[in-house]
>>> print(open('query-v5.cif').read())   # mmCIF, C-alpha atoms and all ligand atoms
data_data
loop_
_atom_site.label_atom_id
_atom_site.label_comp_id
_atom_site.auth_asym_id
_atom_site.auth_seq_id
_atom_site.Cartn_x
_atom_site.Cartn_y
_atom_site.Cartn_z
CA MET A 1 22.61 23.44 11.20
CA GLU A 2 25.41 21.12 12.24
CA LEU A 3 24.51 17.70 13.52
CA ASP A 4 24.49 17.71 17.28
CA ARG A 5 25.43 14.39 18.80
CA ALA A 6 22.01 14.29 20.48
CA GLY A 7 23.54 15.28 23.80
CA GLY A 8 24.98 11.81 24.29
CA ARG A 9 21.57 10.17 23.95
CA PRO A 10 21.69 6.54 22.86
CA GLU A 11 20.72 5.13 19.49
CA LEU A 12 17.10 4.18 18.98
CA VAL A 13 16.27 0.57 19.91
CA ASP A 14 12.70 -0.69 20.13
CA PRO A 15 11.27 -3.01 22.83
CA PHE A 16 12.08 -6.04 20.67
CA GLY A 17 15.75 -5.14 20.41
CA ARG A 18 15.53 -3.87 16.82
CA ALA A 19 17.79 -0.88 16.16
CA ILE A 20 16.00 1.83 14.17
CA SER A 21 18.47 2.69 11.45
CA TYR A 22 16.16 3.50 8.53
CA LEU A 23 13.81 6.49 8.24
CA ARG A 24 11.38 7.01 5.39
CA VAL A 25 10.16 10.55 5.06
CA SER A 26 7.10 11.51 3.07
CA VAL A 27 7.92 15.09 2.05
CA THR A 28 4.52 15.81 0.50
CA ASP A 29 1.15 14.08 0.21
CA ARG A 30 0.66 15.54 -3.26
CA CYS A 31 1.31 13.79 -6.52
CA ASP A 32 1.12 14.40 -10.26
CA PHE A 33 -0.29 10.87 -10.78
CA ARG A 34 -3.42 9.20 -9.38
CA CYS A 35 -2.48 5.50 -9.38
CA VAL A 36 -5.63 3.44 -8.99
CA TYR A 37 -4.30 1.35 -6.07
CA CYS A 38 -2.94 4.40 -4.22
CA MET A 39 -5.37 7.31 -4.50
CA ALA A 40 -8.89 8.15 -5.50
CA GLU A 41 -8.98 10.50 -8.48
CA ASP A 42 -10.57 13.26 -6.41
CA MET A 43 -8.10 12.93 -3.53
CA SER A 44 -8.14 15.87 -1.14
CA PHE A 45 -4.78 17.07 0.12
CA LEU A 46 -3.56 18.64 3.32
CA PRO A 47 -3.63 22.40 3.87
CA LYS A 48 -0.21 24.04 3.75
CA ALA A 49 -0.20 25.13 7.39
CA LYS A 50 -0.15 21.51 8.52
CA ILE A 51 2.86 20.65 6.39
CA LEU A 52 6.36 20.94 7.76
CA THR A 53 8.58 23.48 6.04
CA LEU A 54 11.73 22.27 4.33
CA GLU A 55 13.74 23.60 7.29
CA GLU A 56 11.55 21.67 9.72
CA LEU A 57 11.87 18.49 7.66
CA ASP A 58 15.63 18.96 7.71
CA ARG A 59 15.66 19.40 11.47
CA LEU A 60 13.47 16.35 11.98
CA CYS A 61 15.57 14.12 9.72
CA SER A 62 18.77 15.40 11.32
CA ALA A 63 17.44 14.56 14.78
CA PHE A 64 16.91 10.96 13.66
CA VAL A 65 20.39 10.88 12.12
CA ALA A 66 21.82 12.13 15.40
CA ARG A 67 20.05 9.21 17.10
CA GLY A 68 21.54 6.55 14.84
CA VAL A 69 19.51 6.52 11.62
CA ARG A 70 21.95 5.56 8.82
CA LYS A 71 19.59 5.48 5.85
CA LEU A 72 17.10 8.14 4.77
CA ARG A 73 14.57 7.63 2.01
CA LEU A 74 12.52 10.56 0.70
CA THR A 75 9.13 9.58 -0.61
CA GLY A 76 5.59 10.92 -0.84
CA GLY A 77 3.15 11.48 -2.60
CA GLU A 78 5.65 12.35 -5.26
CA PRO A 79 8.76 13.76 -3.54
CA LEU A 80 10.00 15.55 -6.67
CA VAL A 81 6.84 17.69 -6.94
CA ARG A 82 7.52 19.31 -3.55
CA ARG A 83 8.65 22.86 -4.29
CA GLY A 84 12.27 23.42 -3.31
CA ILE A 85 12.95 19.71 -2.86
CA MET A 86 16.58 20.11 -3.93
CA THR A 87 17.16 22.55 -1.06
CA LEU A 88 16.25 19.74 1.33
CA VAL A 89 18.27 17.11 -0.54
CA ASN A 90 21.34 19.33 -0.74
CA SER A 91 21.07 20.20 2.92
CA LEU A 92 20.62 16.59 4.06
CA SER A 93 23.57 15.51 1.97
CA ARG A 94 25.87 17.10 4.59
CA HIS A 95 25.25 14.00 6.70
CA LEU A 96 26.70 11.86 3.91
CA GLY A 97 29.74 14.11 3.90
CA SER A 98 30.16 13.81 7.67
CA GLY A 99 29.80 10.02 7.57
CA ALA A 100 26.75 10.11 9.89
CA LEU A 101 24.54 8.78 7.10
CA ASP A 102 25.31 5.81 4.83
CA GLU A 103 22.63 6.48 2.29
CA LEU A 104 20.29 9.22 1.13
CA THR A 105 17.79 7.98 -1.40
CA LEU A 106 14.41 8.50 -3.01
CA THR A 107 11.32 6.66 -4.23
CA THR A 108 9.79 8.41 -7.22
CA ASN A 109 7.29 7.88 -10.01
CA GLY A 110 9.98 9.15 -12.38
CA SER A 111 7.95 11.97 -13.92
CA GLN A 112 10.39 14.70 -12.83
CA LEU A 113 13.64 12.75 -13.13
CA ALA A 114 14.71 14.26 -16.43
CA LYS A 115 14.84 17.59 -14.59
CA TYR A 116 16.40 16.48 -11.31
CA ALA A 117 18.59 13.42 -11.97
CA PRO A 118 21.93 15.24 -12.41
CA GLU A 119 21.38 17.35 -9.27
CA LEU A 120 20.40 14.29 -7.23
CA LYS A 121 23.60 12.55 -8.25
CA THR A 122 25.68 15.62 -7.45
CA ALA A 123 24.06 15.74 -4.00
CA GLY A 124 25.44 12.27 -3.28
CA MET A 125 22.52 10.01 -4.16
CA GLU A 126 23.73 6.72 -5.58
CA ARG A 127 20.62 4.59 -5.98
CA ILE A 128 16.96 5.49 -6.41
CA ASN A 129 13.72 3.52 -6.71
CA VAL A 130 11.43 4.23 -9.63
CA SER A 131 7.89 2.86 -9.60
CA LEU A 132 6.72 1.42 -12.91
CA ASP A 133 3.98 -1.16 -13.35
CA THR A 134 3.78 -1.52 -17.13
CA LEU A 135 5.58 -0.72 -20.39
CA ASP A 136 2.32 -0.37 -22.30
CA PRO A 137 1.45 3.34 -22.74
CA ASP A 138 -2.33 2.80 -22.59
CA LYS A 139 -2.14 0.54 -19.58
CA PHE A 140 0.24 3.02 -17.95
CA ARG A 141 -2.32 5.77 -18.43
CA ALA A 142 -5.08 3.52 -17.08
CA ILE A 143 -3.10 2.64 -13.93
CA THR A 144 -1.70 6.11 -13.18
CA ARG A 145 -4.75 7.99 -14.58
CA TRP A 146 -2.64 11.14 -15.19
CA GLY A 147 0.82 9.83 -16.03
CA SER A 148 2.76 9.58 -19.30
CA LEU A 149 4.93 6.53 -19.90
CA ASP A 150 7.25 8.42 -22.27
CA GLN A 151 7.98 11.00 -19.61
CA VAL A 152 8.89 8.32 -17.07
CA LEU A 153 11.05 6.38 -19.54
CA GLY A 154 12.80 9.67 -20.38
CA GLY A 155 13.37 10.18 -16.67
CA ILE A 156 14.87 6.71 -16.31
CA ASP A 157 17.20 7.42 -19.25
CA ALA A 158 18.29 10.69 -17.65
CA ALA A 159 18.89 9.05 -14.28
CA GLN A 160 21.03 6.30 -15.78
CA ALA A 161 22.93 8.86 -17.85
CA ALA A 162 23.60 10.78 -14.64
CA GLY A 163 25.07 7.63 -13.07
CA LEU A 164 22.23 6.83 -10.65
CA LYS A 165 21.57 3.14 -10.05
CA ILE A 166 17.88 2.35 -10.39
CA LYS A 167 15.65 -0.25 -8.84
CA ILE A 168 12.24 -0.61 -10.45
CA ASN A 169 9.27 -1.17 -8.11
CA THR A 170 6.33 -2.93 -9.70
CA VAL A 171 3.01 -3.48 -7.97
CA ALA A 172 1.64 -6.85 -9.11
CA LEU A 173 -1.96 -6.31 -10.24
CA ARG A 174 -4.23 -9.19 -11.00
CA GLY A 175 -5.40 -9.22 -14.59
CA VAL A 176 -3.64 -5.90 -15.27
CA ASN A 177 0.12 -6.44 -15.48
CA GLU A 178 0.18 -10.08 -14.42
CA ASP A 179 1.01 -11.33 -17.92
CA GLU A 180 3.58 -8.58 -18.46
CA LEU A 181 5.80 -9.38 -15.48
CA PRO A 182 8.31 -11.51 -17.47
CA ALA A 183 8.70 -8.73 -20.05
CA LEU A 184 9.20 -6.14 -17.31
CA ILE A 185 11.86 -8.29 -15.66
CA GLU A 186 13.69 -8.81 -18.95
CA TRP A 187 13.49 -5.09 -19.75
CA ALA A 188 14.76 -3.98 -16.33
CA HIS A 189 17.54 -6.55 -16.14
CA GLY A 190 18.51 -5.79 -19.74
CA ARG A 191 19.16 -2.20 -18.62
CA GLY A 192 21.11 -3.23 -15.53
CA MET A 193 18.28 -2.42 -13.11
CA ASP A 194 16.99 -4.63 -10.28
CA LEU A 195 13.23 -5.10 -10.12
CA THR A 196 11.09 -5.66 -7.04
CA LEU A 197 7.52 -6.91 -7.09
CA ILE A 198 5.14 -5.53 -4.47
CA GLU A 199 1.81 -6.87 -3.30
CA VAL A 200 -1.12 -4.46 -3.18
CA MET A 201 -1.60 -3.41 0.43
CA PRO A 202 -5.04 -2.55 1.80
CA LEU A 203 -4.38 1.12 2.64
CA GLY A 204 -6.96 3.86 2.24
CA GLU A 205 -10.24 4.20 0.40
CA ILE A 206 -9.50 4.26 -3.31
CA GLY A 207 -12.96 4.11 -4.74
CA GLU A 208 -12.90 0.62 -6.26
CA GLY A 209 -12.53 -2.99 -5.21
CA ARG A 210 -9.11 -3.82 -3.84
CA LEU A 211 -9.86 -7.52 -3.97
CA ASP A 212 -9.95 -7.29 -7.75
CA GLN A 213 -6.38 -5.92 -7.77
CA TYR A 214 -4.83 -8.31 -5.31
CA LEU A 215 -2.40 -10.79 -6.82
CA PRO A 216 -0.62 -12.84 -4.14
CA LEU A 217 3.09 -12.86 -4.95
CA SER A 218 3.19 -16.57 -4.09
CA ILE A 219 1.12 -17.05 -7.25
CA ALA A 220 3.10 -14.56 -9.35
CA ARG A 221 6.34 -16.18 -8.22
CA ALA A 222 5.14 -19.68 -9.12
CA GLN A 223 4.11 -18.43 -12.58
CA LEU A 224 7.49 -16.75 -13.10
CA ALA A 225 9.34 -19.84 -11.91
CA GLU A 226 7.91 -21.77 -14.87
CA ARG A 227 9.79 -19.44 -17.16
CA PHE A 228 12.86 -18.34 -15.16
CA THR A 229 15.37 -20.11 -12.93
CA PHE A 230 15.64 -18.47 -9.50
CA GLN A 231 18.89 -18.75 -7.57
CA ASP A 232 18.90 -17.92 -3.88
CA ILE A 233 21.25 -15.07 -3.01
CA ASN A 234 22.19 -13.42 0.20
CA TYR A 235 21.48 -9.82 -0.78
CA SER A 236 19.72 -7.10 1.15
CA THR A 237 19.34 -3.36 0.70
CA GLY A 238 18.22 -2.89 4.29
CA GLY A 239 14.59 -2.85 3.13
CA PRO A 240 11.88 -5.52 3.31
CA ALA A 241 12.50 -7.20 -0.08
CA ARG A 242 13.80 -10.77 -0.39
CA TYR A 243 15.91 -11.22 -3.50
CA VAL A 244 16.72 -14.01 -5.96
CA ARG A 245 18.99 -13.95 -8.98
CA VAL A 246 17.31 -14.77 -12.30
CA ALA A 247 19.73 -17.10 -14.10
CA GLU A 248 18.45 -16.25 -17.61
CA THR A 249 18.86 -12.48 -17.23
CA ASP A 250 21.60 -12.39 -14.58
CA GLY A 251 19.61 -9.73 -12.70
CA ARG A 252 18.14 -9.45 -9.24
CA LEU A 253 14.44 -9.87 -8.57
CA GLY A 254 12.95 -8.83 -5.22
CA PHE A 255 9.66 -9.74 -3.59
CA ILE A 256 7.92 -7.56 -1.01
CA THR A 257 5.17 -9.68 0.45
CA PRO A 258 3.49 -7.98 3.38
CA LEU A 259 0.36 -10.10 3.01
CA THR A 260 1.59 -13.57 2.12
CA HIS A 261 4.78 -13.43 4.15
CA ASN A 262 5.30 -11.36 7.21
CA PHE A 263 8.45 -9.23 6.99
CA CYS A 264 8.27 -7.73 10.46
CA GLU A 265 10.88 -9.67 12.47
CA SER A 266 13.82 -7.73 11.09
CA CYS A 267 12.03 -4.38 10.79
CA ASN A 268 14.49 -1.51 11.28
CA ARG A 269 12.25 1.19 9.83
CA VAL A 270 9.98 3.98 10.93
CA ARG A 271 8.10 6.47 8.77
CA VAL A 272 7.41 10.14 9.20
CA THR A 273 4.84 12.08 7.19
CA CYS A 274 5.03 15.62 5.85
CA THR A 275 2.98 16.76 8.85
CA GLY A 276 5.54 15.34 11.26
CA THR A 277 3.48 12.30 12.24
CA LEU A 278 5.67 9.34 13.10
CA TYR A 279 4.31 5.90 12.22
CA MET A 280 6.14 3.12 13.97
CA CYS A 281 4.66 0.47 11.64
CA LEU A 282 3.33 0.70 8.08
CA GLY A 283 0.52 -1.67 9.00
CA GLN A 284 -0.73 -0.08 12.24
CA GLU A 285 -2.59 3.14 13.00
CA ASP A 286 -0.57 4.00 16.10
CA ALA A 287 1.37 7.22 15.56
CA ALA A 288 3.12 10.04 17.40
CA ASP A 289 2.93 13.74 16.67
CA LEU A 290 6.44 15.16 16.28
CA ARG A 291 5.34 18.50 14.84
CA LYS A 292 4.28 19.83 18.21
CA PRO A 293 7.58 19.16 20.02
CA LEU A 294 9.46 20.28 16.91
CA ARG A 295 7.66 23.64 16.89
CA ALA A 296 7.55 24.05 20.66
CA SER A 297 11.20 25.02 21.03
CA GLU A 298 14.36 25.61 19.06
CA GLY A 299 16.28 22.92 20.94
CA ASN A 300 15.67 19.25 20.28
CA ASP A 301 15.08 17.98 23.84
CA LEU A 302 11.29 17.76 23.49
CA LEU A 303 11.64 16.20 20.07
CA TYR A 304 14.04 13.51 21.32
CA ALA A 305 11.72 12.75 24.23
CA ALA A 306 8.76 12.34 21.85
CA ILE A 307 10.79 10.10 19.53
CA ASP A 308 11.96 7.93 22.47
CA GLU A 309 8.42 7.58 23.76
CA ALA A 310 7.16 6.60 20.28
CA ILE A 311 9.89 4.04 19.63
CA SER A 312 9.08 2.41 22.97
CA ARG A 313 5.64 1.72 21.41
CA LYS A 314 6.87 0.21 18.14
CA PRO A 315 4.78 -2.93 17.70
CA LYS A 316 6.18 -6.35 16.97
CA GLY A 317 4.47 -6.49 13.61
CA HIS A 318 1.35 -6.01 11.55
CA ASP A 319 -1.42 -8.25 10.45
CA PHE A 320 -2.75 -7.08 7.09
CA VAL A 321 -5.71 -8.83 5.65
CA ILE A 322 -7.55 -8.06 2.47
CA ASP A 323 -10.88 -8.28 4.20
CA ARG A 324 -13.12 -10.49 2.12
CA ARG A 325 -16.21 -10.07 4.23
CA HIS A 326 -16.14 -6.34 4.76
CA LYS A 327 -14.32 -5.25 1.60
CA ARG A 328 -12.82 -2.41 3.59
CA PRO A 329 -9.22 -1.21 3.70
CA ALA A 330 -7.32 -2.57 6.71
CA LEU A 331 -6.20 1.00 7.41
CA THR A 332 -7.93 4.20 6.42
CA ARG A 333 -4.68 6.06 5.68
CA HIS A 334 -3.44 6.07 2.08
CA MET A 335 0.00 4.88 1.01
CA SER A 336 0.68 8.41 -0.26
CA VAL A 337 0.57 9.60 3.38
CA THR A 338 3.40 7.38 4.59
CA GLY A 339 5.05 6.77 1.24
CA GLY A 340 5.35 3.00 1.31
C1 LIG B 401 3.21 5.80 -2.35
S1 LIG B 401 4.45 5.76 -3.58
C2 LIG B 401 5.36 7.24 -3.21
C3 LIG B 401 6.53 7.54 -4.10
C4 LIG B 401 6.26 7.80 -5.56
N1 LIG B 401 5.11 8.60 -5.81
C5 LIG B 401 6.19 6.50 -6.32
O1 LIG B 401 5.12 6.17 -6.85
O2 LIG B 401 7.21 5.83 -6.37
C6 LIG B 401 5.61 4.51 -3.06
C7 LIG B 401 5.34 3.12 -3.57
O3 LIG B 401 4.14 2.63 -2.99
C8 LIG B 401 3.48 1.85 -3.94
N2 LIG B 401 2.08 1.78 -3.54
C9 LIG B 401 1.15 2.76 -3.48
N3 LIG B 401 -0.03 2.31 -3.01
C10 LIG B 401 0.15 1.00 -2.75
C11 LIG B 401 -0.68 -0.05 -2.23
N4 LIG B 401 -1.94 0.18 -1.87
N5 LIG B 401 -0.13 -1.28 -2.10
C12 LIG B 401 1.16 -1.53 -2.45
N6 LIG B 401 1.98 -0.59 -2.93
C13 LIG B 401 1.49 0.65 -3.09
C14 LIG B 401 3.74 2.55 -5.24
O4 LIG B 401 3.60 1.71 -6.34
C15 LIG B 401 5.18 3.00 -5.07
O5 LIG B 401 6.06 2.00 -5.55
S1 LIG B 402 1.90 5.43 -6.16
FE1 LIG B 402 3.22 7.21 -6.18
S2 LIG B 402 2.85 8.04 -8.23
FE2 LIG B 402 1.17 6.71 -7.84
S3 LIG B 402 -0.43 8.05 -6.96
FE3 LIG B 402 0.69 7.09 -5.26
S4 LIG B 402 2.19 8.59 -4.74
FE4 LIG B 402 1.49 9.10 -6.80
#
>>> encode(input="query-v5.cif", output="structure tokens", more="lines below")
Ligand SMILES: C[S@@+](CC[C@H](N)C(=O)[O-])C[C@H]1O[C@@H](n2cnc3c(N)ncnc32)[C@H](O)[C@@H]1O
Ligand code: SF4
Amino acid sequence: MELDRAGGRPELVDPFGRAISYLRVSVTDRCDFRCVYCMAEDMSFLPKAKILTLEELDRLCSAFVARGVRKLRLTGGEPLVRRGIMTLVNSLSRHLGSGALDELTLTTNGSQLAKYAPELKTAGMERINVSLDTLDPDKFRAITRWGSLDQVLGGIDAAQAAGLKIKINTVALRGVNEDELPALIEWAHGRGMDLTLIEVMPLGEIGEGRLDQYLPLSIARAQLAERFTFQDINYSTGGPARYVRVAETDGRLGFITPLTHNFCESCNRVRVTCTGTLYMCLGQEDAADLRKPLRASEGNDLLYAAIDEAISRKPKGHDFVIDRRHKRPALTRHMSVTGG
């Protein structure tokens, strides 16, 4: 399907004047890992009938591109375990070719990269994010429950060999990888990869105490600053991370701090799930169903109307709290639904 120009409809701008130029798409809620901060081990997944087909996902993404989205990130669950994922990637890459899209990218746990890295590069992907919280095989198994560190490291090797630039995402976990953060930074920077630290966000029931996992990045940063020299840089990937350069390693270190520092003012993002639910904010429950208008007709008029209505409701920001009194997640939805 060629990109229609959305019938002359304008680009998406929310009530606070923020242009929506970045769409994150969770292509599946399934995953081959069970990271302790993300899912319960006995997670139940969505029935197939609720999930958009690859063609529907393509149509949905293309509608957003037609309305001014310039950056698409595929995520999940684990995007590379969705059957036929390369059909979607190859199809979406036409928007890179036409110049409508600046970037098509992916957030992955790395388990399937050895298989897919060359094809992803051929499809026009330049940079990908790989999530990795530890370099210790036992700890890796404890955090991911089902994952193998060797497999992920093999995937990272394959991706670099294929010419993909990698950013490592590391969730900072109190008492788990806290003491390993310097080694992770040195390892990533030594391989020419940026690394971004992420705070645990209170999303979804995960079956154990989130408070125990929460390490404020203000604390992690202060600890790291005793060892490394941070230089302020003006660098942005269009995402929520704030970056510094580490003088000792000459690499970039990012901080994503939804809890200790609100990153909402410059938010240009919306998220859509594999069921076609559009979330206007990662930290709010408000959502719009795009599957119904998508399936209601072959043309995109209803879809555009639903998207416009949803964007007019995009909130100014979120207000996460790790709730000390109630010990409940701030939101009941898991990160694997919206993909981070
Ligand atoms: C939900 S995963 C989806 C993509 C892929 N499976 C992966 O792990 O990269 C996206 C990112 O969200 C992070 N994440 C998951 N649950 C989180 C939570 N409760 N708080 C903060 N980050 C979380 C993961 O570490 C990962 O970097
Ligand atoms: S963080 Fe990613 S790899 Fe880990 S369980 Fe969630 S979706 Fe799977």
>>> atom_distance(input="query-v5.cif", atom1="CA of Leu303 in chain A", atom2="CA of Lys50 in chain A")
17.3 Å
>>> residues_near_ligand(input="query-v5.cif", ligand="ligand LIG 402 (chain B)", cutoff="7 Å", atoms="only C-alpha atoms and all ligand atoms", output="list in words")
Cys31, Asp32, Phe33, Arg34, Cys35, Cys38, Met39, Gly76, Gly77, Glu78, Thr108, Asn109, Thr144, Met335, Ser336 and Gly339 of chain A
>>> closest_residue(input="query-v5.cif", among="A:Gln231, A:Thr275, A:Ser91, A:Gln160", to="Leu46 in chain A", atoms="only C-alpha atoms")
A:Thr275
>>> closest_atom_pairs(input="query-v5.cif", of="range 130-178 of chain A", to="range 112-126 of chain A", cutoff="8 Å", atoms="all atoms listed in the file", output="JSON lines")
{"residue": "A:Val152", "atom": "CA", "partner": "A:Leu113", "partner_atom": "CA", "distance": 7.6}
{"residue": "A:Gly154", "atom": "CA", "partner": "A:Ala114", "partner_atom": "CA", "distance": 6.3}
{"residue": "A:Gly155", "atom": "CA", "partner": "A:Ala114", "partner_atom": "CA", "distance": 4.3}
{"residue": "A:Ile156", "atom": "CA", "partner": "A:Leu113", "partner_atom": "CA", "distance": 6.9}
{"residue": "A:Asp157", "atom": "CA", "partner": "A:Ala114", "partner_atom": "CA", "distance": 7.8}
{"residue": "A:Ala158", "atom": "CA", "partner": "A:Ala114", "partner_atom": "CA", "distance": 5.2}
{"residue": "A:Ala159", "atom": "CA", "partner": "A:Ala117", "partner_atom": "CA", "distance": 5.0}
{"residue": "A:Ala162", "atom": "CA", "partner": "A:Pro118", "partner_atom": "CA", "distance": 5.3}
{"residue": "A:Gly163", "atom": "CA", "partner": "A:Lys121", "partner_atom": "CA", "distance": 7.0}
{"residue": "A:Leu164", "atom": "CA", "partner": "A:Glu126", "partner_atom": "CA", "distance": 5.3}
{"residue": "A:Lys165", "atom": "CA", "partner": "A:Glu126", "partner_atom": "CA", "distance": 6.1}
>>> residues_around(input="query-v5.cif", residues="Ser26 in chain A", least_positions_apart="5", cutoff="12 Å", atoms="only C-alpha atoms", output="ChimeraX atom specification")
/A:31,51-52,54,57,60-61,72-82,85,106-108,270-279,334-340
>>> residues_around(input="query-v5.cif", residues="Leu101 in chain A", least_positions_apart="3", cutoff="8 Å", atoms="all atoms listed in the file", output="PyMOL selection string")
chain A and resi 65+69-72+95-96+98+104
>>> closest_residue(input="query-v5.cif", among="A:Arg252, A:Lys167, A:Arg127, A:Lys292", to="ligand LIG 401 (chain B)", atoms="all atoms listed in the file")
A:Lys167
>>> closest_residue(input="query-v5.cif", among="A:Arg59, A:Arg24, A:Arg227, A:Arg242", to="ligand LIG 401 (chain B)", atoms="all atoms listed in the file")
A:Arg24
>>> atom_distance(input="query-v5.cif", atom1="CA of Ile256 in chain A", atom2="CA of Leu197 in chain A")
6.1 Å
>>> atom_distance(input="query-v5.cif", atom1="CA of Tyr243 in chain A", atom2="CA of Ser218 in chain A")
13.8 Å
>>> residues_near_point(input="query-v5.cif", point="(19.7, -1.0, -22.5)", cutoff="12 Å", atoms="only C-alpha atoms", output="list in words")
Leu153, Ile156, Asp157, Gln160, Ala161, Glu186, Trp187, Ala188, His189, Gly190, Arg191, Gly192 and Met193 of chain A
>>> closest_residue(input="query-v5.cif", among="A:Ala183, A:Ile20, A:Leu282, A:Met86", to="ligand LIG 401 (chain B)", atoms="all atoms listed in the file")
A:Leu282
>>> closest_residue(input="query-v5.cif", among="A:Ala288, A:Leu217, A:Leu132, A:Ala142", to="ligand LIG 401 (chain B)", atoms="all atoms listed in the file")
A:Leu132
